[in-house]
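Source file: structure19.pdb; contents: PDB, C-alpha atoms.
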```pdb
ATOM      1  CA  MET A   4       0.000   0.000   0.000  1.00  0.00           C
ATOM      2  CA  THR A   5       1.211   3.471  -0.884  1.00  0.00           C
ATOM      3  CA  VAL A   6      -0.191   6.956  -0.429  1.00  0.00           C
ATOM      4  CA  THR A   7      -2.146   8.240  -3.442  1.00  0.00           C
ATOM      5  CA  LYS A   8      -4.476  11.140  -4.184  1.00  0.00           C
ATOM      6  CA  ASP A   9      -7.411   8.748  -3.710  1.00  0.00           C
ATOM      7  CA  ASN A  10      -6.448   7.594  -0.200  1.00  0.00           C
ATOM      8  CA  LEU A  11      -4.516  10.625   1.090  1.00  0.00           C
ATOM      9  CA  ASN A  12      -7.226  11.323   3.688  1.00  0.00           C
ATOM     10  CA  LEU A  13      -6.361   7.999   5.350  1.00  0.00           C
ATOM     11  CA  PHE A  14      -2.776   9.110   5.923  1.00  0.00           C
ATOM     12  CA  ALA A  15      -2.977  12.873   6.468  1.00  0.00           C
ATOM     13  CA  TRP A  16      -5.322  15.818   6.949  1.00  0.00           C
ATOM     14  CA  THR A  17      -4.876  18.871   4.753  1.00  0.00           C
ATOM     15  CA  SER A  18      -6.559  22.258   4.569  1.00  0.00           C
ATOM     16  CA  ARG A  19      -6.852  21.948   0.779  1.00  0.00           C
ATOM     17  CA  ASP A  20     -10.626  22.544   0.780  1.00  0.00           C
ATOM     18  CA  PHE A  21     -10.180  25.876   2.554  1.00  0.00           C
ATOM     19  CA  ILE A  22      -7.623  27.463   0.255  1.00  0.00           C
ATOM     20  CA  LYS A  23      -8.958  29.928  -2.287  1.00  0.00           C
ATOM     21  CA  GLY A  24      -6.655  30.400  -5.228  1.00  0.00           C
ATOM     22  CA  GLU A  25      -3.130  29.110  -5.593  1.00  0.00           C
ATOM     23  CA  ILE A  26      -1.178  27.214  -2.961  1.00  0.00           C
ATOM     24  CA  LYS A  27       1.822  29.356  -2.049  1.00  0.00           C
ATOM     25  CA  ALA A  28       3.435  27.030   0.509  1.00  0.00           C
ATOM     26  CA  VAL A  29       2.967  23.606   2.093  1.00  0.00           C
ATOM     27  CA  MET A  30       3.348  23.413   5.878  1.00  0.00           C
ATOM     28  CA  LEU A  31       3.919  20.078   7.603  1.00  0.00           C
ATOM     29  CA  CYS A  32       2.454  20.163  11.127  1.00  0.00           C
ATOM     30  CA  PHE A  33       3.911  17.332  13.200  1.00  0.00           C
ATOM     31  CA  GLN A  34       1.933  16.262  16.262  1.00  0.00           C
ATOM     32  CA  GLY A  35       3.324  15.559  19.720  1.00  0.00           C
ATOM     33  CA  LEU A  36       3.664  12.326  21.649  1.00  0.00           C
ATOM     34  CA  GLY A  37       0.422  10.416  22.070  1.00  0.00           C
ATOM     35  CA  PHE A  38      -1.605  12.385  19.537  1.00  0.00           C
ATOM     36  CA  ALA A  39      -3.398   9.948  17.256  1.00  0.00           C
ATOM     37  CA  GLU A  40      -6.290  12.114  16.114  1.00  0.00           C
ATOM     38  CA  MET A  41      -7.258  11.783  12.458  1.00  0.00           C
ATOM     39  CA  ARG A  42      -8.132  15.459  12.042  1.00  0.00           C
ATOM     40  CA  ARG A  43     -11.286  16.139  10.075  1.00  0.00           C
ATOM     41  CA  THR A  44     -11.881  19.854  10.729  1.00  0.00           C
ATOM     42  CA  PRO A  45      -9.615  22.916  10.526  1.00  0.00           C
ATOM     43  CA  SER A  46      -8.334  24.882  13.501  1.00  0.00           C
ATOM     44  CA  PRO A  47      -8.465  28.695  13.525  1.00  0.00           C
ATOM     45  CA  THR A  48      -4.755  28.684  12.686  1.00  0.00           C
ATOM     46  CA  ASP A  49      -5.346  26.382   9.711  1.00  0.00           C
ATOM     47  CA  LEU A  50      -7.984  28.781   8.398  1.00  0.00           C
ATOM     48  CA  GLU A  51      -5.751  31.817   8.928  1.00  0.00           C
ATOM     49  CA  LEU A  52      -2.928  30.126   7.038  1.00  0.00           C
ATOM     50  CA  ALA A  53      -5.276  28.935   4.291  1.00  0.00           C
ATOM     51  CA  ALA A  54      -6.362  32.530   3.733  1.00  0.00           C
ATOM     52  CA  GLN A  55      -2.698  33.274   2.973  1.00  0.00           C
ATOM     53  CA  GLY A  56      -2.421  30.337   0.571  1.00  0.00           C
ATOM     54  CA  ILE A  57      -0.522  28.099   3.002  1.00  0.00           C
ATOM     55  CA  LEU A  58      -1.617  24.456   2.931  1.00  0.00           C
ATOM     56  CA  SER A  59      -1.537  22.829   6.387  1.00  0.00           C
ATOM     57  CA  VAL A  60      -0.699  19.114   6.371  1.00  0.00           C
ATOM     58  CA  ILE A  61      -0.973  16.881   9.443  1.00  0.00           C
ATOM     59  CA  PRO A  62       0.595  13.460   8.789  1.00  0.00           C
ATOM     60  CA  PHE A  63      -1.064  10.536  10.599  1.00  0.00           C
ATOM     61  CA  TYR A  64       2.128   8.820  11.724  1.00  0.00           C
ATOM     62  CA  GLY A  65       2.007   6.656  14.838  1.00  0.00           C
ATOM     63  CA  PRO A  66       1.560   8.524  18.146  1.00  0.00           C
ATOM     64  CA  TRP A  67       4.834   6.996  19.393  1.00  0.00           C
ATOM     65  CA  SER A  68       6.778   7.217  16.126  1.00  0.00           C
ATOM     66  CA  TRP A  69       9.549   9.675  17.139  1.00  0.00           C
ATOM     67  CA  MET A  70      10.073  10.191  13.370  1.00  0.00           C
ATOM     68  CA  ASN A  71      11.605   6.754  12.959  1.00  0.00           C
ATOM     69  CA  LYS A  72      12.447   5.390   9.499  1.00  0.00           C
ATOM     70  CA  GLU A  73       8.880   4.312   8.818  1.00  0.00           C
ATOM     71  CA  ALA A  74       7.514   7.749   9.715  1.00  0.00           C
ATOM     72  CA  VAL A  75       9.977   9.432   7.356  1.00  0.00           C
ATOM     73  CA  ILE A  76       8.897   7.130   4.519  1.00  0.00           C
ATOM     74  CA  LEU A  77       5.231   7.896   5.182  1.00  0.00           C
ATOM     75  CA  VAL A  78       5.778  11.661   5.211  1.00  0.00           C
ATOM     76  CA  ASP A  79       7.858  11.415   2.017  1.00  0.00           C
ATOM     77  CA  GLU A  80       4.921   9.732   0.289  1.00  0.00           C
ATOM     78  CA  ILE A  81       2.457  12.305   1.640  1.00  0.00           C
ATOM     79  CA  VAL A  82       4.611  15.200   0.415  1.00  0.00           C
ATOM     80  CA  GLU A  83       5.176  13.612  -2.981  1.00  0.00           C
ATOM     81  CA  THR A  84       1.439  12.959  -3.400  1.00  0.00           C
ATOM     82  CA  ILE A  85       0.443  16.522  -2.444  1.00  0.00           C
ATOM     83  CA  TYR A  86       2.908  18.143  -4.827  1.00  0.00           C
ATOM     84  CA  ALA A  87       1.837  15.810  -7.648  1.00  0.00           C
ATOM     85  CA  MET A  88      -1.951  16.046  -7.192  1.00  0.00           C
ATOM     86  CA  ASP A  89      -1.910  19.839  -7.124  1.00  0.00           C
ATOM     87  CA  ASN A  90       0.767  20.142  -9.825  1.00  0.00           C
ATOM     88  CA  LEU A  91       2.872  22.193  -7.451  1.00  0.00           C
ATOM     89  CA  LYS A  92       6.225  23.396  -8.705  1.00  0.00           C
ATOM     90  CA  GLU A  93       9.232  22.147  -6.779  1.00  0.00           C
ATOM     91  CA  SER A  94       9.930  25.787  -5.932  1.00  0.00           C
ATOM     92  CA  ILE A  95       6.771  25.979  -3.766  1.00  0.00           C
ATOM     93  CA  PRO A  96       8.157  26.185  -0.181  1.00  0.00           C
ATOM     94  CA  LEU A  97       7.840  23.204   2.150  1.00  0.00           C
ATOM     95  CA  LEU A  98       7.738  24.258   5.809  1.00  0.00           C
ATOM     96  CA  SER A  99       8.437  21.869   8.685  1.00  0.00           C
ATOM     97  CA  THR A 100       6.777  22.637  12.037  1.00  0.00           C
ATOM     98  CA  GLY A 101       5.840  20.943  15.301  1.00  0.00           C
ATOM     99  CA  GLY A 102       5.968  20.975  19.080  1.00  0.00           C
ATOM    100  CA  SER A 103       7.521  18.613  21.634  1.00  0.00           C
ATOM    101  CA  MET A 104       7.920  15.229  19.873  1.00  0.00           C
ATOM    102  CA  GLY A 105       6.492  17.033  16.849  1.00  0.00           C
ATOM    103  CA  GLY A 106       9.334  19.540  17.137  1.00  0.00           C
ATOM    104  CA  LEU A 107      11.834  16.696  17.033  1.00  0.00           C
ATOM    105  CA  CYS A 108       9.963  15.293  14.025  1.00  0.00           C
ATOM    106  CA  ALA A 109      10.141  18.653  12.252  1.00  0.00           C
ATOM    107  CA  LEU A 110      13.908  18.843  12.763  1.00  0.00           C
ATOM    108  CA  VAL A 111      14.571  15.204  11.912  1.00  0.00           C
ATOM    109  CA  TYR A 112      12.508  15.423   8.736  1.00  0.00           C
ATOM    110  CA  CYS A 113      14.774  18.274   7.628  1.00  0.00           C
ATOM    111  CA  ILE A 114      17.632  15.769   7.807  1.00  0.00           C
ATOM    112  CA  TYR A 115      16.106  12.644   6.296  1.00  0.00           C
ATOM    113  CA  GLY A 116      13.194  13.835   4.143  1.00  0.00           C
ATOM    114  CA  LYS A 117      13.458  13.379   0.357  1.00  0.00           C
ATOM    115  CA  LYS A 118      12.388  16.985  -0.192  1.00  0.00           C
ATOM    116  CA  THR A 119      14.369  19.293   2.060  1.00  0.00           C
ATOM    117  CA  PRO A 120      12.106  21.807   3.829  1.00  0.00           C
ATOM    118  CA  THR A 121      12.586  25.482   3.055  1.00  0.00           C
ATOM    119  CA  ALA A 122      12.318  26.541   6.714  1.00  0.00           C
ATOM    120  CA  CYS A 123      11.649  24.969  10.112  1.00  0.00           C
ATOM    121  CA  SER A 124       9.768  26.247  13.186  1.00  0.00           C
ATOM    122  CA  VAL A 125       9.712  24.241  16.422  1.00  0.00           C
ATOM    123  CA  ASN A 126       7.991  24.736  19.771  1.00  0.00           C
ATOM    124  CA  CYS A 127       9.567  23.264  22.945  1.00  0.00           C
ATOM    125  CA  PRO A 128      11.218  20.558  20.810  1.00  0.00           C
ATOM    126  CA  VAL A 129      12.876  17.392  22.046  1.00  0.00           C
ATOM    127  CA  CYS A 130      16.471  17.756  20.827  1.00  0.00           C
ATOM    128  CA  ASP A 131      18.510  15.278  22.900  1.00  0.00           C
ATOM    129  CA  LEU A 132      16.600  12.029  22.492  1.00  0.00           C
ATOM    130  CA  PRO A 133      18.936   9.776  24.580  1.00  0.00           C
ATOM    131  CA  TYR A 134      18.620  12.249  27.474  1.00  0.00           C
ATOM    132  CA  HIS A 135      14.874  12.491  26.979  1.00  0.00           C
ATOM    133  CA  ALA A 136      14.608   8.721  27.474  1.00  0.00           C
ATOM    134  CA  THR A 137      15.628   9.358  31.095  1.00  0.00           C
ATOM    135  CA  GLU A 138      13.633  12.571  31.572  1.00  0.00           C
ATOM    136  CA  ARG A 139      10.202  11.102  32.338  1.00  0.00           C
ATOM    137  CA  PRO A 140       8.917   7.625  33.260  1.00  0.00           C
ATOM    138  CA  ASP A 141       6.332   7.584  30.459  1.00  0.00           C
ATOM    139  CA  LEU A 142       8.924   7.804  27.674  1.00  0.00           C
ATOM    140  CA  PRO A 143      11.029   4.589  27.481  1.00  0.00           C
ATOM    141  CA  ARG A 144       8.093   2.399  26.367  1.00  0.00           C
ATOM    142  CA  THR A 145       7.343   4.796  23.506  1.00  0.00           C
ATOM    143  CA  MET A 146      10.961   4.720  22.321  1.00  0.00           C
ATOM    144  CA  TYR A 147      11.051   0.928  22.546  1.00  0.00           C
ATOM    145  CA  SER A 148       7.975   0.916  20.307  1.00  0.00           C
ATOM    146  CA  ALA A 149       9.640   3.248  17.798  1.00  0.00           C
ATOM    147  CA  PHE A 150      13.152   1.798  17.638  1.00  0.00           C
ATOM    148  CA  SER A 151      13.350  -1.774  18.952  1.00  0.00           C
ATOM    149  CA  HIS A 152      13.367  -3.137  15.379  1.00  0.00           C
ATOM    150  CA  TYR A 153      16.488  -1.130  14.411  1.00  0.00           C
ATOM    151  CA  GLU A 154      19.571  -3.244  13.693  1.00  0.00           C
ATOM    152  CA  GLY A 155      21.394  -1.616  16.608  1.00  0.00           C
ATOM    153  CA  GLY A 156      18.328  -1.631  18.821  1.00  0.00           C
ATOM    154  CA  VAL A 157      16.762   1.243  20.689  1.00  0.00           C
ATOM    155  CA  GLU A 158      20.133   2.851  21.456  1.00  0.00           C
ATOM    156  CA  GLN A 159      20.959   3.189  17.751  1.00  0.00           C
ATOM    157  CA  GLY A 160      17.498   4.542  17.004  1.00  0.00           C
ATOM    158  CA  LEU A 161      17.814   7.194  19.699  1.00  0.00           C
ATOM    159  CA  LEU A 162      21.137   8.447  18.333  1.00  0.00           C
ATOM    160  CA  LEU A 163      20.040   8.436  14.683  1.00  0.00           C
ATOM    161  CA  THR A 164      16.855  10.334  15.540  1.00  0.00           C
ATOM    162  CA  SER A 165      18.284  12.858  17.990  1.00  0.00           C
ATOM    163  CA  PRO A 166      18.649  16.351  16.464  1.00  0.00           C
ATOM    164  CA  LEU A 167      21.473  17.197  18.874  1.00  0.00           C
ATOM    165  CA  HIS A 168      23.439  14.095  17.872  1.00  0.00           C
ATOM    166  CA  GLN A 169      22.717  14.611  14.157  1.00  0.00           C
ATOM    167  CA  ALA A 170      23.164  18.389  14.183  1.00  0.00           C
ATOM    168  CA  ASP A 171      25.941  18.287  11.577  1.00  0.00           C
ATOM    169  CA  LYS A 172      23.392  16.900   9.090  1.00  0.00           C
ATOM    170  CA  LEU A 173      20.834  19.690   9.524  1.00  0.00           C
ATOM    171  CA  PRO A 174      20.451  21.634   6.258  1.00  0.00           C
ATOM    172  CA  HIS A 175      21.285  25.324   6.218  1.00  0.00           C
ATOM    173  CA  ILE A 176      17.785  26.787   6.142  1.00  0.00           C
ATOM    174  CA  PRO A 177      16.113  29.317   8.486  1.00  0.00           C
ATOM    175  CA  TYR A 178      15.098  27.890  11.894  1.00  0.00           C
ATOM    176  CA  LEU A 179      12.899  29.289  14.653  1.00  0.00           C
ATOM    177  CA  PHE A 180      12.957  27.778  18.149  1.00  0.00           C
ATOM    178  CA  ILE A 181      10.443  28.726  20.859  1.00  0.00           C
ATOM    179  CA  HIS A 182      10.917  27.235  24.323  1.00  0.00           C
ATOM    180  CA  ALA A 183       9.785  28.021  27.866  1.00  0.00           C
ATOM    181  CA  ASP A 184      12.734  28.404  30.222  1.00  0.00           C
ATOM    182  CA  LYS A 185      11.001  26.310  32.904  1.00  0.00           C
ATOM    183  CA  ASP A 186       9.323  23.779  30.625  1.00  0.00           C
ATOM    184  CA  PRO A 187       8.423  20.847  32.932  1.00  0.00           C
ATOM    185  CA  ALA A 188       8.135  18.273  30.145  1.00  0.00           C
ATOM    186  CA  VAL A 189      11.120  19.057  27.874  1.00  0.00           C
ATOM    187  CA  ASN A 190      13.917  20.868  29.706  1.00  0.00           C
ATOM    188  CA  TYR A 191      15.114  23.941  27.821  1.00  0.00           C
ATOM    189  CA  ASP A 192      18.709  23.696  29.123  1.00  0.00           C
ATOM    190  CA  LYS A 193      19.004  20.078  27.944  1.00  0.00           C
ATOM    191  CA  HIS A 194      17.275  20.433  24.584  1.00  0.00           C
ATOM    192  CA  SER A 195      16.869  23.687  22.637  1.00  0.00           C
ATOM    193  CA  LYS A 196      19.712  25.554  24.322  1.00  0.00           C
ATOM    194  CA  PRO A 197      22.566  23.138  23.446  1.00  0.00           C
ATOM    195  CA  LEU A 198      21.232  22.459  19.953  1.00  0.00           C
ATOM    196  CA  VAL A 199      20.834  26.155  19.121  1.00  0.00           C
ATOM    197  CA  GLU A 200      24.338  26.847  20.433  1.00  0.00           C
ATOM    198  CA  LYS A 201      25.710  24.047  18.273  1.00  0.00           C
ATOM    199  CA  MET A 202      23.836  25.281  15.216  1.00  0.00           C
ATOM    200  CA  LEU A 203      24.974  28.878  15.699  1.00  0.00           C
ATOM    201  CA  ALA A 204      28.568  27.689  15.975  1.00  0.00           C
ATOM    202  CA  ALA A 205      28.096  25.890  12.644  1.00  0.00           C
ATOM    203  CA  GLY A 206      26.832  29.064  10.981  1.00  0.00           C
ATOM    204  CA  HIS A 207      23.122  28.253  10.823  1.00  0.00           C
ATOM    205  CA  ASN A 208      20.432  30.901  10.424  1.00  0.00           C
ATOM    206  CA  VAL A 209      18.601  30.213  13.683  1.00  0.00           C
ATOM    207  CA  GLU A 210      16.517  32.348  16.049  1.00  0.00           C
ATOM    208  CA  CYS A 211      15.605  31.155  19.541  1.00  0.00           C
ATOM    209  CA  ILE A 212      12.859  32.816  21.568  1.00  0.00           C
ATOM    210  CA  VAL A 213      12.871  31.852  25.249  1.00  0.00           C
ATOM    211  CA  THR A 214       9.649  32.565  27.119  1.00  0.00           C
ATOM    212  CA  ARG A 215       9.696  33.093  30.888  1.00  0.00           C
ATOM    213  CA  SER A 216       7.155  30.485  31.930  1.00  0.00           C
ATOM    214  CA  ASP A 217       6.596  26.859  32.908  1.00  0.00           C
ATOM    215  CA  TRP A 218       4.356  26.213  29.914  1.00  0.00           C
ATOM    216  CA  HIS A 219       4.966  23.371  27.496  1.00  0.00           C
ATOM    217  CA  CYS A 220       4.122  24.275  23.876  1.00  0.00           C
ATOM    218  CA  ALA A 221       1.658  26.908  25.088  1.00  0.00           C
ATOM    219  CA  VAL A 222       3.260  29.825  23.255  1.00  0.00           C
ATOM    220  CA  ASN A 223       3.737  29.859  19.473  1.00  0.00           C
ATOM    221  CA  ASP A 224       5.005  32.244  16.821  1.00  0.00           C
ATOM    222  CA  PHE A 225       1.577  33.875  16.591  1.00  0.00           C
ATOM    223  CA  ASP A 226       1.968  35.020  20.217  1.00  0.00           C
ATOM    224  CA  VAL A 227       5.544  36.335  20.256  1.00  0.00           C
TER     225      VAL A 227
END
```
Taking this structure as input, can you express it in the form of structure tokens?
Amino acid sequence: MTVTKDNLNLFAWTSRDFIKGEIKAVMLCFQGLGFAEMRRTPSPTDLELAAQGILSVIPFYGPWSWMNKEAVILVDEIVETIYAMDNLKESIPLLSTGGSMGGLCALVYCIYGKKTPTACSVNCPVCDLPYHATERPDLPRTMYSAFSHYEGGVEQGLLLTSPLHQADKLPHIPYLFIHADKDPAVNYDKHSKPLVEKMLAAGHNVECIVTRSDWHCAVNDFDV
């Protein structure tokens, strides 16, 4: 089974029906850990973006996928199908966005995706996946689910899918990080801070906005 224009709704939700006129950009919106909703209706943000010609796309990867190899393949097929069915030029921007696990997914897809995103925006992203495996008791089982089938086991999967450990492979595109300094779920000092520092040292175009709060993914680029 592959993703086609006839079954796309089984693998992703898009705001295609709400865009009037030409599609000016495609925005991948990666969901966080545990989210398994097959979206059927637009959010206010989706509608606002659609009014600007930006197509929102929510891939239905597994809620514990951590952008493993299978998730990357699925998103590749979704992207390829969308660009083909709407006859989009390759020059139409592909944006990669997400929060928490979705933030990790957005960054990792920039590394492994067939079509390199034009820009990436992440909200309280998981950046050090091996550390994150020790950060909360609810996490190890999800990572076992995502990576136990890797040749090198879970440990290999964590390293290959950790933005901090794969930072040298991140493409040189614009990045926006938003993170609460007292985030209780994904520690800013262990995740966004070291990755942004590493990226800046490598000459990346990256902006990091640190909010003074203990909110997790509660503030986005519409608020700052």
Legend entry - Target residues per the PyMOL selection byres ((chain A and resi 199) around 10), formatted as a ChimeraX atom specification: /A:130,167,170,178-180,194-198,200-205,207-211
Inset, instruction - Find the residues near A:Gly24: any atom within 10 Å, counting all atoms listed in the file, skip ones fewer than 3 places away on the same chain, and give them as JSON, numbers by chain. - result: {"A": [21, 27, 53, 54, 55, 56]}
Inset, instruction - Take atom CA of A:Thr17 and atom CA of A:Asn71 and report the distance between them in Å, one decimal. - result: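 A separation of 22.0 Å between them.
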Inset, instruction - Measuring atom to atom with all atoms listed in the file, identify which of A:Lys193, A:Lys118, A:His219, A:Lys185 is nearest to A:Leu31. - result: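 The closest residue to A:Leu31 is A:Lys118.
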Inset, instruction - Could you tell me which residues the PyMOL selection byres ((chain A and resi 5) around 10) grabs in this file, written as a list in words? - result: Met4, Val6, Thr7, Asn10, Leu11, Phe14, Leu77, Glu80, Ile81 and Thr84 of chain A
Inset, instruction - Find the distance between atom CA of A:Thr100 and atom CA of A:His168 and write it in Å to one decimal. - result: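 These two atoms are separated by 19.6 Å.
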Inset, instruction - For atom CA of A:Asp131 and atom CA of A:Pro174, determine how far apart the two atoms are, in Å to one decimal place. - result: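 Going from atom CA of A:Asp131 over to atom CA of A:Pro174 covers 17.9 Å.
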Inset, instruction - Could you check which of A:Gln159, A:Ala149, A:Ser165, A:Asp186 is closest to A:Glu73, using all atoms listed in the file? - result: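 The shortest atom-to-atom distance to A:Glu73 comes from A:Ala149.
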Inset, instruction - Would you kindly return, as a list of chain:residue names, each protein, DNA or RNA residue with an atom no farther than 10 Å from any atom of A:Cys220, considering all atoms listed in the file and excluding same-chain residues fewer than 4 positions away? - result: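 That gives A:Gly35, A:Gly101, A:Gly102, A:Ser103, A:Gly106, A:Val125, A:Asn126, A:Cys127, A:Pro128, A:Ile181, A:His182, A:Ala183, A:Asp186, A:Ala188, A:Val189.
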Would you put the residues from that selection into a file with C-alpha atoms, as a PDB file, keeping the file's coordinate frame?
```pdb
ATOM      1  CA  GLY A  35       3.324  15.559  19.720  1.00  0.00           C
ATOM      2  CA  GLY A 101       5.840  20.943  15.301  1.00  0.00           C
ATOM      3  CA  GLY A 102       5.968  20.975  19.080  1.00  0.00           C
ATOM      4  CA  SER A 103       7.521  18.613  21.634  1.00  0.00           C
ATOM      5  CA  GLY A 106       9.334  19.540  17.137  1.00  0.00           C
ATOM      6  CA  VAL A 125       9.712  24.241  16.422  1.00  0.00           C
ATOM      7  CA  ASN A 126       7.991  24.736  19.771  1.00  0.00           C
ATOM      8  CA  CYS A 127       9.567  23.264  22.945  1.00  0.00           C
ATOM      9  CA  PRO A 128      11.218  20.558  20.810  1.00  0.00           C
ATOM     10  CA  ILE A 181      10.443  28.726  20.859  1.00  0.00           C
ATOM     11  CA  HIS A 182      10.917  27.235  24.323  1.00  0.00           C
ATOM     12  CA  ALA A 183       9.785  28.021  27.866  1.00  0.00           C
ATOM     13  CA  ASP A 186       9.323  23.779  30.625  1.00  0.00           C
ATOM     14  CA  ALA A 188       8.135  18.273  30.145  1.00  0.00           C
ATOM     15  CA  VAL A 189      11.120  19.057  27.874  1.00  0.00           C
TER      16      VAL A 189
END
```
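Of the residues under consideration (A:Thr119, A:Gln169, A:Ser94, A:Ser18), A:Gln169 shows the shortest atom-to-atom contact distance to A:Leu132 when counting all atoms listed in the file.
Distances from A:Ala39, A:Leu107, A:Ile212, A:Ile114 to A:Gly65 were compared using all atoms listed in the file, and the smallest one belongs to A:Ala39.
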Inset, instruction - Return as JSON, numbers by chain the set of residues that the PyMOL selection byres ((chain A and resi 19) around 12) yields on the displayed structure. - result: {"A": [11, 12, 15, 16, 17, 18, 20, 21, 22, 23, 24, 25, 26, 27, 28, 29, 30, 43, 44, 45, 49, 50, 52, 53, 54, 56, 57, 58, 59, 60, 61, 85, 86, 88, 89]}
Inset, instruction - Would you please work out which residue, of A:Tyr191, A:Trp67, A:Phe33, A:Phe38, is nearest to A:Ala109 when using only C-alpha atoms? - result: A:Phe33
